[in-house]
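Structure record follows, encoded as structure tokens.
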Amino acid sequence: MPIFSVRSYRLGVAFLTAILWVLTDRSLQAQESHPATNADLERRVQELEETLQQLKAGRPAVTPAPKPDAPPSISHSMDAPAGLAPAPYAKENQESPEAGGDDPPRWAGWDNGFFIQSPDKRFVLRVTGQIQADYRTFLDDVDFTDTDQFFIRRARFGLEANMFTYYEFRFLPDFGQGQTVLQDAYMNVHYWDAFQVEVGKFKQPFSYEQLIQDRFVPTMERSMIDQLVPARDVGVMLHGQHLFGDRLDWGIAVSNGEINGNGDTNDNKDLVGRLALWPFAGSERFPALRGLEIGVSGSTGIEEEPVSPQTLKTPAGVPWFQFNPGVRADGSRKRWSPELSYFFRSFGFAAQYLRQEQDLRPAFFGPGSQYRLEIPFEGFYAMATCLLTGEERTTYSAAVVPLRDFEPLHPFTNPGAWELVARVSRLDLGEQVFERLPTGRTTFVRLADPNRFASSATEVTLGFNWYLNAWVRTQFNYEHAWFDDPVRLGPGPGGLLKHQDTLMTRFQVIF
């Protein structure tokens, strides 16, 4: 038996005719102030004809949803000091962006990621993931230290949660490079943006570059100075964001003092702090300066453990300096680092300087243990990016969402997003690392071997990023590194190199 009989069809036609008469009568009454055009009348007639056709076919009328002009932006957060960003429906006054305010909330689904939530939206669980598949080739044939290879740089599967609305949790292990490493495991108490408390293993409030999530860094690897700055460590942090009209972020942490670690080897702890200021945020007078940020960070602590890192490398992984076995950190370590970033439309820029002073001994016992030297480490980076396909950046801590996702059948009209990247960075150790320290009339010790390593290195990286969509990115980097003194990378006289060139590619998927 058909759903709509002839009688119901006639009643429907009569009902729609009555509605049309009422709407037409009201339109005529308001004609003087809002005269209808021929296009309006044609559109109304067409809508009525479509509705009648749907009634004849025995299905209800459906109004198609309008297509958005551009893909929705991806939600993001910095690892720290801002903590975990609220999940999509964590706050009680939030509504699903895909459902109207009168529709019931969804308990599970996809909204820039997979999520599960309670009916009252006070508990939200989000699943995240990241895979980076890399290939690197080292272009100097006499380099036998570095091996061309394919490898999985990062493979992460994480959980983020909001509990009782204000308690934010993150758990992020990494299975890349054949190892299982706990990256993040923390809880953040977030009643107010201006004052939050974070406990567990998290990124320390220090380096602007390190605080960019790994999935969003414009270059494949961070700069030369990144291997010295505090990264993920266990401790407690007080921090705040969006103060004074989104003009100030702050953070201060007490942690074990490891660059990347899960424990400690001594009773001493490090104090780490950072301030970041956007002086022209929201400015109507200087709109071109709204994206200007300046900041400063510092840390201090006492270290009593083997020196870390023992080997210094270029971003591509070429080792150019190594401390001798047995060298230990024994005394104070102080760091300070000013930073600057700027974004305007498709252009982005970031720069940072690092100064570190650390007390080291050639050995903890035996010959050389009586010497303690304060070694200066000094370095910087400067990076610029430019989106070629019309997208705009306001931060490096968010995914680039193409204006037109890549479509292989229409590559010229739907190319994805293209980005050029350029960076220079340098790291310089004091000449004290090669100083001869006598332990007798004919014997001496050093912190490092000057016949194999250099005390300074510089690198330039040129890159191209292709964002197929908000979730998929390919990267191509060329790195040229040069050393102030020859570095032993292969056997024989030809194995002492003053420069090295590296090509790197990456395919990345995130959710």
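Quick note on naming: the chains in the structure tokens go A, B, ... in the order shown, residues restart at 1 in each chain, and ligands are numbered from 1 in order of appearance.
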Residue set, stretch 175-267 of chain A restricted to strand (DSSP E), as a count of residues only: 36
Helix (DSSP H, G or I) residues, from DSSP on the backbone, in stretch 259-503 of chain A, as JSON, numbers by chain: {"A": [287, 288, 289, 431, 432, 433, 434, 493, 494, 495]}
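Residues in contact with stretch 442-449 of chain A at 7 Å, where only C-alpha atoms are counted and same-chain residues fewer than 5 positions away are skipped, are listed as Gln322, Phe323, Asn324, Val327, Pro362, Gly368, Val433, Phe434, Glu435, Arg436 and Leu437 of chain A.
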Closest pair table for stretch 150-185 of chain A residues within 9 Å of stretch 123-146 of chain A, only C-alpha atoms, as JSON lines:
{"residue": "A:Phe150", "atom": "CA", "partner": "A:Tyr135", "partner_atom": "CA", "distance": 4.4}
{"residue": "A:Phe151", "atom": "CA", "partner": "A:Asp134", "partner_atom": "CA", "distance": 5.5}
{"residue": "A:Ile152", "atom": "CA", "partner": "A:Ala133", "partner_atom": "CA", "distance": 4.6}
{"residue": "A:Arg153", "atom": "CA", "partner": "A:Gln132", "partner_atom": "CA", "distance": 5.4}
{"residue": "A:Arg154", "atom": "CA", "partner": "A:Gln132", "partner_atom": "CA", "distance": 5.2}
{"residue": "A:Ala155", "atom": "CA", "partner": "A:Ile131", "partner_atom": "CA", "distance": 4.5}
{"residue": "A:Arg156", "atom": "CA", "partner": "A:Gln130", "partner_atom": "CA", "distance": 5.1}
{"residue": "A:Phe157", "atom": "CA", "partner": "A:Gly129", "partner_atom": "CA", "distance": 4.5}
{"residue": "A:Gly158", "atom": "CA", "partner": "A:Thr128", "partner_atom": "CA", "distance": 4.9}
{"residue": "A:Leu159", "atom": "CA", "partner": "A:Val127", "partner_atom": "CA", "distance": 4.9}
{"residue": "A:Glu160", "atom": "CA", "partner": "A:Arg126", "partner_atom": "CA", "distance": 5.1}
{"residue": "A:Ala161", "atom": "CA", "partner": "A:Leu125", "partner_atom": "CA", "distance": 4.4}
{"residue": "A:Asn162", "atom": "CA", "partner": "A:Val124", "partner_atom": "CA", "distance": 5.1}
{"residue": "A:Met163", "atom": "CA", "partner": "A:Phe123", "partner_atom": "CA", "distance": 4.7}
{"residue": "A:Phe164", "atom": "CA", "partner": "A:Phe123", "partner_atom": "CA", "distance": 5.9}
{"residue": "A:Thr165", "atom": "CA", "partner": "A:Phe123", "partner_atom": "CA", "distance": 6.4}
{"residue": "A:Leu172", "atom": "CA", "partner": "A:Thr128", "partner_atom": "CA", "distance": 8.8}
{"residue": "A:Gly176", "atom": "CA", "partner": "A:Ile131", "partner_atom": "CA", "distance": 8.4}
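Using only C-alpha atoms, the residues found no farther than 6 Å from A:Asp270, other than those of its own chain fewer than 3 positions away, are Val254, Ser255, Gly257, Thr300 and Gly301 of chain A.
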Go ahead and dump the residues you just picked, N, CA and C atoms, as a short mmCIF file (atom, residue, chain, number, x, y, z; two decimals), in the first residue's frame.
data_model
loop_
_atom_site.label_atom_id
_atom_site.label_comp_id
_atom_site.auth_asym_id
_atom_site.auth_seq_id
_atom_site.Cartn_x
_atom_site.Cartn_y
_atom_site.Cartn_z
N VAL A 254 58.59 23.69 38.55
CA VAL A 254 59.65 23.01 39.30
C VAL A 254 59.69 21.59 38.79
N SER A 255 60.87 21.14 38.31
CA SER A 255 60.96 19.83 37.68
C SER A 255 62.29 19.18 38.02
N GLY A 257 64.78 18.48 36.14
CA GLY A 257 65.95 19.07 35.49
C GLY A 257 66.49 18.27 34.33
N THR A 300 67.21 27.62 36.10
CA THR A 300 68.38 27.50 36.96
C THR A 300 68.26 26.23 37.78
N GLY A 301 69.40 25.62 38.06
CA GLY A 301 69.39 24.39 38.85
C GLY A 301 70.80 23.88 39.08
#
